[in-house]
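Engineer: First the structure, which I've put down as structure tokens, then a few questions once you've had a look.
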4 protein chains.
Amino acid sequence: MAPIPHAIQPPGRPFRLGVVGGGQGSFIGPVHRRAATLDLRFAIVAGVLSSRPDKATADGIAIGLAPDRAYTGVAEMLAAEARRGSDGIEAVAIMTPNDRHFEQCMAALDAGLDVICDKPMVTTPDEARRLAERVAATGRVFCLTHNYSGYPMVRQARAMVRAGAIGEVRLVHAEYFQSGMATPVESRPLTDKLRWKLDTARSGPSLVLGDIGTHAHQLACYVSGLAVTEVAADLGAIVPGRQVDDYAALLWRFDSGARGTCVVTQAAAGAENDIALRIHGEKGMLAWRQQAANYLEYALQGGALQRLGRGDPGLDGHALGATRISRGHPEGFLEAFANLYVDFADAIVARNAARPVADPGFPTVEAGVAGADFVAAVVASSRAGGRWTALGAA
Amino acid sequence: MAPIPHAIQPPGRPFRLGVVGGGQGSFIGPVHRRAATLDLRFAIVAGVLSSRPDKATADGIAIGLAPDRAYTGVAEMLAAEARRGSDGIEAVAIMTPNDRHFEQCMAALDAGLDVICDKPMVTTPDEARRLAERVAATGRVFCLTHNYSGYPMVRQARAMVRAGAIGEVRLVHAEYFQSGMATPVESRPLTDKLRWKLDTARSGPSLVLGDIGTHAHQLACYVSGLAVTEVAADLGAIVPGRQVDDYAALLWRFDSGARGTCVVTQAAAGAENDIALRIHGEKGMLAWRQQAANYLEYALQGGALQRLGRGDPGLDGHALGATRISRGHPEGFLEAFANLYVDFADAIVARNAARPVADPGFPTVEAGVAGADFVAAVVASSRAGGRWTALGAA
Amino acid sequence: MAPIPHAIQPPGRPFRLGVVGGGQGSFIGPVHRRAATLDLRFAIVAGVLSSRPDKATADGIAIGLAPDRAYTGVAEMLAAEARRGSDGIEAVAIMTPNDRHFEQCMAALDAGLDVICDKPMVTTPDEARRLAERVAATGRVFCLTHNYSGYPMVRQARAMVRAGAIGEVRLVHAEYFQSGMATPVESRPLTDKLRWKLDTARSGPSLVLGDIGTHAHQLACYVSGLAVTEVAADLGAIVPGRQVDDYAALLWRFDSGARGTCVVTQAAAGAENDIALRIHGEKGMLAWRQQAANYLEYALQGGALQRLGRGDPGLDGHALGATRISRGHPEGFLEAFANLYVDFADAIVARNAARPVADPGFPTVEAGVAGADFVAAVVASSRAGGRWTALGAA
Amino acid sequence: MAPIPHAIQPPGRPFRLGVVGGGQGSFIGPVHRRAATLDLRFAIVAGVLSSRPDKATADGIAIGLAPDRAYTGVAEMLAAEARRGSDGIEAVAIMTPNDRHFEQCMAALDAGLDVICDKPMVTTPDEARRLAERVAATGRVFCLTHNYSGYPMVRQARAMVRAGAIGEVRLVHAEYFQSGMATPVESRPLTDKLRWKLDTARSGPSLVLGDIGTHAHQLACYVSGLAVTEVAADLGAIVPGRQVDDYAALLWRFDSGARGTCVVTQAAAGAENDIALRIHGEKGMLAWRQQAANYLEYALQGGALQRLGRGDPGLDGHALGATRISRGHPEGFLEAFANLYVDFADAIVARNAARPVADPGFPTVEAGVAGADFVAAVVASSRAGGRWTALGAA
């Protein structure tokens with residue numbers, strides 16, 4: 001993929017975007033909205049901010065929507081916007097509870113719209129495959145916001161692995177330590193968000209896997225260029241008395257024969273949002289950690305550790321293109337997220353121009369299928385006492 | 001100052017902003033524009049993007065201005081916007097070469113507009129004082145974008161010093177190592193930006209002091225709560241043959257009796273944009289570095305080093321209010337810059353409501369006066385062979 | 001255990017020590033000798049430096065032994081030193097290939113000598129138990145040089161866990177990435193050391209587990225105060241064509257119900273000797289990494305990360321007692337190793353004085369038994385396709 | 001200088017060493033003794049451990065001296081050891097209060113002994129020059145224990161500068177922040193050590209300069225290969241009411257034209273023993289900090305930051321030769337100090353063999369002369385209101 005010229009003016013007018021979810025109180029709502037508009041690639045012109053009609057209207061107006069485009073339902077929005085014709089929305093961004101994604105994505109695709117959807121994409125492999133088929137059938141662009149793959153130095157790592165900088169990949173270790181559920185949050189009055197998260201009918205078969213396990217899996221696959229083929233897993237709760245999973249540890253094997261480990265938990269008392277990846281290959285290593293997101297560690301066997309910085313002139317075009325400001329001035333989570341929106345916009349432009357794209361470079365519906373398979377296999381392996389379990393075998 | 005509720009919806013409609021400078025090719029232009037709009041506190045509706053008329057028009061349209069509001073001159077914009085009445089601009093953001101600031105700020109103030117201006121504010125102490133008087137006389141809000149003071153952990157450091165966390169301040173060390181001029185850039189074809197920077201008639205009496213020395217000075221004063229009263233300085237070029245300053249080192253003394261050092265250079269080959277501050281007081285220390293901007297180091301005498309993180313629940317309200325995303329997910333330069341725009345908007349709201357603000361909490365015109373005095377004193381001291389020279393004595 | 005007053009003069013004359021192994025070309029030989037003598041607790045007066053008689057004599061003289069005490073066999077040394085009576089050796093340090101430890105330790109114990117032995121202690125659980133019985137029967141002091149437990153900040157971590165600083169332990173992650181075997185070392189002329197290491201009849205059932213897996217296991221148990229009860233493991237070679245194990249990854253469960261992961265490899269191209277431990281408990285976390293051995297990271301849920309430093313006045317006595325120099329001046333591997341020799345000497349003094357010691361505070365023969373059980377269980381689990389396998393069940 | 005083969009056996013028998021100072025309660029005494037003996041290059045066989053006769057005897061016996069070689073005076077020791085003939089001491093290590101160094105060094109040289117002396121060498125430039133003349137006249141080896149120059153990665157930095165790795169040096173920044181005197185230690189009962197330190201008649205003209213300023217100066221010169229030619233300084237006490245200096249900040253210029261800053265203080269509350277050096281040259285930078293002593297940061301303009309590690313195979317021979325253990329296992333202060341003793345022994349061997357040594361590679365009496373000149377110039381400049389003052393001009 002050619003460098004994305006983030007630092008200069010956008011190539012043409014912003015696309016008109018409708019948002020679904022993300023009303024007042026949401027963590028991810030403001031992230032999506034800032035990310036979508038940061039580079040003037042999208043203008044948010046319509047939305048269904050909440051499943052509660054009154055809140056949907058108020059929150060929509062609060063984010064600047066015209067009152068008549070602050071809708072109270074997705075079907076209503078899709079129909080009304082279609083009726084607008086040439087100034088109706090062209091794409092939809094979905095940031096609702098996990099169990100709503102499938103139906104909402106399908107509806108938006110069926111309405112002829114491009115879709116950018118929060119992760120986890122859906123809650124079962126079956127839904128994932130049906131959605132992938134619908135994407136293919138409709139020819140719409142689909143972007144799944146595994147945002148860590150938007151970090152420039154993650155893209156640099158991916159480009160370096162691909163270019164053979166560490167040789168054949170042998171070992172992949174991913175970890176994600178969060179602390180948000182380290183205390184017994186269930187025993188306090190629940191927020192709206194916690195209410196649906198703690199309900200596995202809504203959040204999916206395994207809370208920790210849906211929330212952060214799929215991030216670690218996607219990050220590992222995105223950078224290594226490999227697919228996980230089987231897992232041996234231990235899944236459960238490390239906070240006593242908890243009914244949902246807050247911990248998953250697993251051994252994994254990749255299609256190339258590479259091996260490794262993955263550990264994720266939302267109950268790591270004292271941890272920050274600490275996601276990290278470490279890959280060793282035949283010739284050397286690459287390591288990245290969100291806490292130092294502007295850097296990538298690289299060492300060849302026998303050589304000094306190199307700390308590549310975002311903006312270093314020698315970086316790969318895909319990494320340089322994903323950066324907005326000069327070296328040393330830090331970028332963060334927001335810019336990484338926004339890079340997915342830029343990718344999404346670029347892909348729409350390319351599709352509209354019938355220009356083929358060899359490597360989309362961002363997480364597509366296929367990443368969602370792989371993620372759903374991963375969740376299912378980890379759950380199955382853990383239930384089977386840690387037995388090696390193949391992905392996609394269900 | 002009360003916490004700024006960044007994470008939630010903005011309090012009311014965005015103010016209408018006109019921008020001056022920052023056209024295609026500018027580093028700081030896109031920063032200002034993203035920062036201004038990130039929190040929906042400003043909408044950029046007019047501008048003079050360049051001093052070249054054709055470029056001004058084209059660049060203005062490229063950033064989304066209506067063609068009739070992509071002006072070719074400041075006076076023209078101020079007049080035309082005034083004529084628009086209720087939908088004309090309410091504030092101006094100035095990001096032009098240094099020698100243009102004074103006149104443009106004065107014009108905008110005289111037009112009754114609030115002003116946010118890039119640093120260095122002006123190029124002489126005299127201009128600085130005249131501008132300060134005009135700000136006072138017009139009652140307009142004036143914000144100077146010393147953006148490092150927008151970082152949440154810098155604000156935390158300031159709050160902690162003020163609260164006595166390290167006791168009486170004794171030692172203040174500031175440093176800013178840049179590498180952009182480590183090579184003889186003068187011998188290559190000059191960009192527009194370099195052309196005016198290398199012309200001291202335009203960039204001011206000392207390039208390195210205007211570009212980054214004022215940042216280091218402002219950061220030190222902002223956090224310590226102290227004012228520099230005298231300096232003993234060495235100023236010059238460390239790249240052979242260079243006609244402008246690229247290096248300044250100085251000893252400084254503060255009004256409280258505290259002492260310390262400051263070293264800044266744009267010619268530190270191999271450096272990143274590495275600005276750092278370290279303060280030791282009677283009881284302990286605080287240290288901050290932009291490369292790890294989301295953290296603040298704090299140690300009491302005899303105790304463990306504490307690494308406070310942006311978003312830690314125990315932070316001061318001024319720091320927590322300046323953060324948009326949860327702990328561990330990094331924020332960067334952009335959010336820090338945007339915090340000044342939020343402050344600027346809040347101050348306009350307060351002024352409009354005639355609500356007194358005890359501590360503006362952001363760099364005002366007074367910071368610009370102090371910066372101009374600092375530059376003048378450093379230049380004078382260096383010329384006098386390092387003699388201790390008082391600020392404001394000119 | 002009371003603080004060990006390392007910084008002051010030793011309590012009495014040095015014990016007379018005989019060394020077994022560690023001749024010219026050995027990595028660990030000079031480490032043991034420097035560690036033994038650093039604090040004047042031992043004087044090396046006899047030894048069998050090599051299994052080759054001519055080398056044993058020459059290397060013994062080279063390290064300063066009197067020619068008649070540079071022996072060519074262990075039995076010979078034990079007999080001759082016994083005949084010396086009051087100036088004969090009082091203790092033996094064993095640093096031979098793994099398969100020699102059992103017999104040599106047994107012989108030394110039977111000769112009435114105290115023993116300090118390199119790890120892995122022995123190569124089977126059965127030998128481990130027989131050795132433990134002999135230690136108990138003879139009343140001799142036995143120290144196993146799991147040297148990471150000699151680092152002051154590791155001891156601080158252990159003391160803090162024990163004191164409840166992080167509450168009930170929930171999650172233990174240990175990793176050890178080495179690069180020494182990342183290249184196909186087998187295809188080059190073998191050193192003496194590699195020759196026996198690559199021979200599993202000599203190095204034990206699993207090279208990576210014996211070399212570094214037991215270190216990771218001991219470190220995790222030492223700090224957490226817990227015992228591993230079962231493992232689900234993946235063991236093998238990640239360098240193509242290798243006949244010995246160079247990689248082990250496993251899920252583990254502890255007697256308290258805590259869980260976690262462990263990954264160790266000697267084939268991590270580009271890695272340093274990177275051993276690290278991370279423990280999350282009910283209330284917070286502790287993390288230690290050899291690369292920053294003088295520090296311990298500690299964070300309570302919701303609080304700042306604290307970086308405790310070796311020598312901080314508030315540390316636990318067991319950590320402070322294991323430090324020789326003031327805060328900020330780094331100590332390293334050697335001092336950590338030497339701390340085990342100090343412990344060993346202190347235990348001999350205590351035993352000689354018939355003074356009971358509640359907590360030896362260093363790795364004893366029981367750590368060797370646990371390590372042998374760990375190796376056996378990991379091997380068995382991996383062979384059984386990752387099935388959860390209990391330790392000590394063989 | 002050829003690599004020093006530290007890891008292998010010593011080249012020949014240890015030299016017999018007499019120690020002066022360092023009795024019970026001393027910080028530096030045990031450091032010297034461990035450093036001297038770590039590599040079997042010296043055996044401590046005689047000493048005057050204290051200026052108080054009874055303590056001298058008791059402390060000498062406590063460190064293992066024969067009672068008749070635990071002397072009570074330097075003259076007595078020199079005479080008695082000379083009478084021993086072939087088993088008398090061959091070298092003297094001096095670790096007494098600063099004002100004793102001159103006379104004791106002169107006496108030892110006059111007795112035909114090689115001398116290793118703690119810093120600051122002496123307290124005036126005049127003494128320094130007289131001592132240098134005596135060293136030259138006697139042909140004895142003289143080593144000054146500026147121990148930071150014993151760190152392998154400091155030697156690597158020196159070798160790289162010399163090899164042109166960063167091009168012509170332009171900027172040298174040194175800092176040393178200590179906290180030992182951050183509190184008003186004068187108001188508490190004084191230890192022996194503090195009693196002489198606080199007496200400038202004994203510790204020299206400026207406490208902070210003698211204690212740590214000379215370290216920073218020597219480190220900067222040692223690595224850069226340059227000499228400081230003039231300073232503009234601010235010297236004094238930052239702890240209110242203190243009679244001795246605890247703070248020095250200065251601008252310095254080097255013989256090559258390079259410039260920079262130096263700040264040292266013993267009153268930095270909350271600091272560790274934090275000495276650091278940063279050098280920027282024409283092509284890039286090198287940075288070292290004792291807190292991460294096993295690493296050296298290196299960046300070329302436009303390139304990634306490289307973190308060279310002690311033991312990396314590509315290091316310079318002088319750095320590799322100064323390391324005892326493999327990469328990743330940390331070494332510290334002790335080994336750095338011991339490297340000076342190895343250098344000292346090597347230099348004695350070379351001198352005894354009449355083998356010329358082009359570059360001694362360790363701090364000699366010339367470093368002591370430069371240090372005394374530095375102290376005098378800083379004091380003079382500060383008294384003259386920061387005026388640029390030449391070294392050696394007194």
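Chain labels follow the order of the structure tokens: the first chain is A, the next B, and so on; residue numbering restarts at 1 in every chain, and ligands are counted from 1 in their shown order.
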I need the residues in region 221-347 of chain D that are helix (DSSP H, G or I) according to DSSP; give them as a list in words.
Structural biologist: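 Across region 221-347 of chain D, those assigned helix (DSSP H, G or I) are Cys221, Tyr222, Val223, Ser224, Gln290, Gln291, Ala292, Gly317, His318, Ala319, Leu320, Phe333, Leu334, Glu335, Ala336, Phe337, Ala338, Asn339, Leu340, Tyr341, Val342, Asp343, Phe344, Ala345, Asp346 and Ala347 of chain D.
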Engineer: Near region 40-54 of chain C, counting only C-alpha atoms, which residues have an atom at most 8 Å away, once you skip same-chain residues fewer than 4 positions from it, shown as number ranges by chain?
Structural biologist: C: 10, 13-23, 33, 36, 58-60, 65-66, 69-74, 77, 89, 341-342, 345
Engineer: Store the residues picked out above, limited to C-alpha atoms, as a PDB file, in the first residue's frame.
Structural biologist:
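File produced: out_25.pdb:
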```
ATOM      1  CA  PRO C  10      32.441 -10.518  58.102  1.00  0.00           C
ATOM      2  CA  ARG C  13      37.090 -16.099  59.770  1.00  0.00           C
ATOM      3  CA  PRO C  14      36.254 -17.403  56.288  1.00  0.00           C
ATOM      4  CA  PHE C  15      35.226 -21.035  55.922  1.00  0.00           C
ATOM      5  CA  ARG C  16      37.591 -23.240  53.930  1.00  0.00           C
ATOM      6  CA  LEU C  17      36.002 -24.201  50.630  1.00  0.00           C
ATOM      7  CA  GLY C  18      36.781 -26.837  48.047  1.00  0.00           C
ATOM      8  CA  VAL C  19      35.513 -26.307  44.517  1.00  0.00           C
ATOM      9  CA  VAL C  20      34.510 -29.009  42.049  1.00  0.00           C
ATOM     10  CA  GLY C  21      34.461 -27.998  38.385  1.00  0.00           C
ATOM     11  CA  GLY C  22      34.756 -24.542  36.889  1.00  0.00           C
ATOM     12  CA  GLY C  23      38.146 -24.794  35.176  1.00  0.00           C
ATOM     13  CA  ARG C  33      34.835 -18.206  42.927  1.00  0.00           C
ATOM     14  CA  ALA C  36      32.393 -17.152  47.342  1.00  0.00           C
ATOM     15  CA  ALA C  58      46.966 -26.696  36.023  1.00  0.00           C
ATOM     16  CA  ASP C  59      43.669 -24.861  36.444  1.00  0.00           C
ATOM     17  CA  GLY C  60      43.768 -25.341  40.194  1.00  0.00           C
ATOM     18  CA  LEU C  65      45.570 -23.312  44.974  1.00  0.00           C
ATOM     19  CA  ALA C  66      48.590 -24.872  46.533  1.00  0.00           C
ATOM     20  CA  ARG C  69      45.455 -29.191  46.971  1.00  0.00           C
ATOM     21  CA  ALA C  70      44.724 -28.987  43.242  1.00  0.00           C
ATOM     22  CA  TYR C  71      43.235 -32.465  43.179  1.00  0.00           C
ATOM     23  CA  THR C  72      42.362 -34.641  40.205  1.00  0.00           C
ATOM     24  CA  GLY C  73      39.296 -36.356  41.652  1.00  0.00           C
ATOM     25  CA  VAL C  74      36.537 -35.675  44.134  1.00  0.00           C
ATOM     26  CA  MET C  77      40.048 -34.483  47.527  1.00  0.00           C
ATOM     27  CA  ILE C  89      37.942 -27.966  53.765  1.00  0.00           C
ATOM     28  CA  TYR C 341      27.275 -17.644  49.509  1.00  0.00           C
ATOM     29  CA  VAL C 342      26.654 -15.273  52.404  1.00  0.00           C
ATOM     30  CA  ALA C 345      27.875 -19.159  55.386  1.00  0.00           C
TER      31      ALA C 345
END
```
Engineer: Can you build me a table of chain D residues sitting at most 7 Å from chain A, with the closest atom pair per residue and its distance in Å to one decimal, using only C-alpha atoms, sorted by chain and residue number, as CSV?
Structural biologist:
```
residue,atom,partner,partner_atom,distance
D:Gly302,CA,A:Pro313,CA,6.3
D:Gly303,CA,A:Asp312,CA,6.6
D:Ala304,CA,A:Leu308,CA,4.7
D:Leu305,CA,A:Arg307,CA,5.0
D:Gln306,CA,A:Gln306,CA,4.4
D:Arg307,CA,A:Leu305,CA,5.0
D:Leu308,CA,A:Ala304,CA,4.7
D:Gly309,CA,A:Ala304,CA,6.5
D:Asp312,CA,A:Gly302,CA,6.4
D:Pro313,CA,A:Gly302,CA,6.3
```
Engineer: Which residues are close to region 135-148 of chain B, i.e. within 8 Å by only C-alpha atoms, leaving aside same-chain residues fewer than 4 positions away? Reply as a PyMOL selection string.
Structural biologist: chain B and resi 109-110+112-119+121+131+154+215+218-219+333+336-337+340+344+347-348+351+362-365+367-368
Engineer: Just N, CA, C and O atoms for this one: save the residues we selected as a short mmCIF file (atom, residue, chain, number, x, y, z; two decimals), in the first residue's frame.
Structural biologist:
```cif
data_model
loop_
_atom_site.label_atom_id
_atom_site.label_comp_id
_atom_site.auth_asym_id
_atom_site.auth_seq_id
_atom_site.Cartn_x
_atom_site.Cartn_y
_atom_site.Cartn_z
N LEU B 109 -7.36 42.05 17.98
CA LEU B 109 -7.88 42.60 19.24
C LEU B 109 -8.70 43.85 18.97
O LEU B 109 -9.80 44.03 19.53
N ASP B 110 -8.17 44.69 18.11
CA ASP B 110 -8.88 45.92 17.79
C ASP B 110 -10.21 45.66 17.10
O ASP B 110 -11.13 46.48 17.17
N GLY B 112 -12.07 43.44 18.07
CA GLY B 112 -12.95 42.90 19.11
C GLY B 112 -12.92 41.39 19.20
O GLY B 112 -13.82 40.78 19.78
N LEU B 113 -11.89 40.78 18.63
CA LEU B 113 -11.85 39.32 18.62
C LEU B 113 -10.89 38.77 19.68
O LEU B 113 -9.89 39.41 20.02
N ASP B 114 -11.21 37.60 20.18
CA ASP B 114 -10.28 36.89 21.05
C ASP B 114 -9.20 36.27 20.18
O ASP B 114 -9.43 35.93 19.02
N VAL B 115 -8.00 36.12 20.78
CA VAL B 115 -6.85 35.72 19.98
C VAL B 115 -6.09 34.57 20.62
O VAL B 115 -5.82 34.58 21.83
N ILE B 116 -5.76 33.58 19.80
CA ILE B 116 -4.84 32.52 20.20
C ILE B 116 -3.67 32.59 19.21
O ILE B 116 -3.88 32.59 18.00
N CYS B 117 -2.45 32.70 19.74
CA CYS B 117 -1.31 33.02 18.90
C CYS B 117 -0.17 32.04 19.14
O CYS B 117 0.10 31.65 20.28
N ASP B 118 0.50 31.68 18.08
CA ASP B 118 1.65 30.81 18.21
C ASP B 118 2.82 31.57 18.86
O ASP B 118 2.88 32.78 18.84
N LYS B 119 3.77 30.79 19.38
CA LYS B 119 4.93 31.41 20.02
C LYS B 119 6.09 31.45 19.04
O LYS B 119 6.06 30.69 18.07
N MET B 121 5.63 34.98 20.99
CA MET B 121 4.52 35.91 20.82
C MET B 121 4.91 37.05 19.89
O MET B 121 4.22 37.32 18.91
N LEU B 131 1.47 44.83 23.46
CA LEU B 131 0.41 43.86 23.20
C LEU B 131 -0.34 43.54 24.50
O LEU B 131 -1.59 43.44 24.51
N VAL B 154 2.18 17.63 32.79
CA VAL B 154 2.82 18.91 33.11
C VAL B 154 1.91 19.69 34.06
O VAL B 154 2.37 20.31 35.03
N HIS B 215 10.06 27.98 24.85
CA HIS B 215 9.31 26.82 25.36
C HIS B 215 9.92 26.32 26.68
O HIS B 215 9.20 26.04 27.64
N GLN B 218 9.21 28.85 29.43
CA GLN B 218 7.81 28.87 29.85
C GLN B 218 7.47 27.60 30.65
O GLN B 218 6.78 27.66 31.66
N LEU B 219 7.97 26.47 30.19
CA LEU B 219 7.70 25.21 30.89
C LEU B 219 8.23 25.26 32.32
O LEU B 219 7.55 24.87 33.28
N PHE B 333 1.02 14.87 21.58
CA PHE B 333 1.21 16.27 21.26
C PHE B 333 -0.10 16.95 20.88
O PHE B 333 -0.39 18.06 21.31
N ALA B 336 -2.39 17.64 23.78
CA ALA B 336 -1.85 18.72 24.61
C ALA B 336 -2.14 20.07 23.98
O ALA B 336 -2.56 21.02 24.65
N PHE B 337 -1.93 20.14 22.69
CA PHE B 337 -2.20 21.37 21.97
C PHE B 337 -3.70 21.71 22.05
O PHE B 337 -4.08 22.87 22.28
N LEU B 340 -5.05 23.58 25.04
CA LEU B 340 -4.98 25.05 25.05
C LEU B 340 -6.20 25.65 24.36
O LEU B 340 -6.71 26.69 24.79
N PHE B 344 -8.80 28.06 26.03
CA PHE B 344 -9.14 29.32 25.35
C PHE B 344 -10.66 29.45 25.24
O PHE B 344 -11.22 30.51 25.58
N ALA B 347 -12.17 30.11 28.60
CA ALA B 347 -11.94 31.48 29.05
C ALA B 347 -12.86 32.45 28.34
O ALA B 347 -13.31 33.44 28.93
N ILE B 348 -13.17 32.17 27.09
CA ILE B 348 -14.11 33.03 26.37
C ILE B 348 -15.50 32.92 26.99
O ILE B 348 -16.18 33.92 27.22
N ARG B 351 -15.43 34.77 30.23
CA ARG B 351 -15.42 36.21 30.02
C ARG B 351 -16.80 36.69 29.55
O ARG B 351 -17.32 37.70 30.03
N PHE B 362 -3.45 28.61 31.70
CA PHE B 362 -2.85 28.44 30.37
C PHE B 362 -1.97 29.65 30.10
O PHE B 362 -2.06 30.66 30.81
N PRO B 363 -1.08 29.58 29.13
CA PRO B 363 -0.16 30.69 28.89
C PRO B 363 -0.89 31.90 28.30
O PRO B 363 -1.45 31.80 27.21
N THR B 364 -0.83 32.99 29.01
CA THR B 364 -1.50 34.21 28.56
C THR B 364 -0.47 35.17 27.98
O THR B 364 0.69 34.81 27.79
N VAL B 365 -0.91 36.39 27.75
CA VAL B 365 -0.01 37.39 27.21
C VAL B 365 1.15 37.67 28.16
O VAL B 365 2.24 38.06 27.74
N ALA B 367 2.82 35.44 29.78
CA ALA B 367 3.87 34.47 29.44
C ALA B 367 4.67 34.98 28.25
O ALA B 367 5.89 34.78 28.16
N GLY B 368 3.98 35.65 27.35
CA GLY B 368 4.68 36.21 26.19
C GLY B 368 5.61 37.34 26.58
O GLY B 368 6.71 37.48 26.02
#
```
Engineer: Mind listing the strand (DSSP E or B) residues of region 23-121 of chain C, per DSSP on the backbone, as a ChimeraX atom specification?
Structural biologist: /C:42-48,70,91-95,114-117
Engineer: Record the distance separating CA of Leu334 (chain A) and CA of Gly64 (chain B), expressed in Å with one decimal.
Structural biologist: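 So the two atoms, CA of Leu334 (chain A) and CA of Gly64 (chain B), lie 22.0 Å apart.
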Engineer: Residues within 8 Å of Val172 (chain B), please, as a tab-separated table (two decimals) with N, CA, C and O atoms, in the first residue's frame. Count only C-alpha atoms; anything in the same chain fewer than 2 positions from it doesn't count.
Structural biologist:
```tsv
chain	number	residue	atom	x	y	z
B	169	VAL	N	10.89	25.07	46.10
B	169	VAL	CA	11.70	24.72	44.92
B	169	VAL	C	13.12	25.26	45.08
B	169	VAL	O	13.31	26.42	45.44
B	170	ARG	N	14.10	24.38	44.81
B	170	ARG	CA	15.49	24.80	44.96
B	170	ARG	C	16.28	24.79	43.65
B	170	ARG	O	17.23	25.54	43.50
B	174	ALA	N	16.04	22.65	32.89
B	174	ALA	CA	15.23	22.43	31.68
B	174	ALA	C	16.17	22.20	30.51
B	174	ALA	O	17.24	22.81	30.43
B	220	ALA	N	9.45	25.75	32.45
B	220	ALA	CA	10.07	25.84	33.78
B	220	ALA	C	9.27	26.75	34.71
B	220	ALA	O	9.03	26.42	35.87
B	224	SER	N	7.09	25.42	37.90
B	224	SER	CA	7.64	25.83	39.20
B	224	SER	C	6.82	26.92	39.86
B	224	SER	O	6.91	27.13	41.07
B	258	ALA	N	15.56	30.21	43.94
B	258	ALA	CA	15.93	28.93	43.31
B	258	ALA	C	16.89	29.19	42.15
B	258	ALA	O	16.92	30.27	41.57
B	259	ARG	N	17.69	28.18	41.85
B	259	ARG	CA	18.68	28.29	40.79
B	259	ARG	C	18.50	27.15	39.79
B	259	ARG	O	17.68	26.27	39.97
B	260	GLY	N	19.37	27.16	38.80
B	260	GLY	CA	19.33	26.04	37.88
B	260	GLY	C	19.97	26.33	36.55
B	260	GLY	O	20.69	27.34	36.39
B	261	THR	N	19.71	25.44	35.61
B	261	THR	CA	20.34	25.49	34.31
B	261	THR	C	19.30	25.25	33.23
B	261	THR	O	18.26	24.63	33.46
B	277	LEU	N	12.08	18.50	31.80
B	277	LEU	CA	12.16	19.39	32.96
B	277	LEU	C	12.37	18.56	34.20
B	277	LEU	O	11.78	17.48	34.35
B	278	ARG	N	13.19	19.07	35.09
B	278	ARG	CA	13.49	18.38	36.34
B	278	ARG	C	13.56	19.43	37.44
B	278	ARG	O	14.31	20.40	37.32
B	279	ILE	N	12.76	19.24	38.47
B	279	ILE	CA	12.71	20.21	39.56
B	279	ILE	C	12.96	19.48	40.88
B	279	ILE	O	12.33	18.46	41.16
B	280	HIS	N	13.91	19.99	41.64
B	280	HIS	CA	14.13	19.47	42.98
B	280	HIS	C	13.72	20.52	43.99
B	280	HIS	O	14.09	21.69	43.85
```
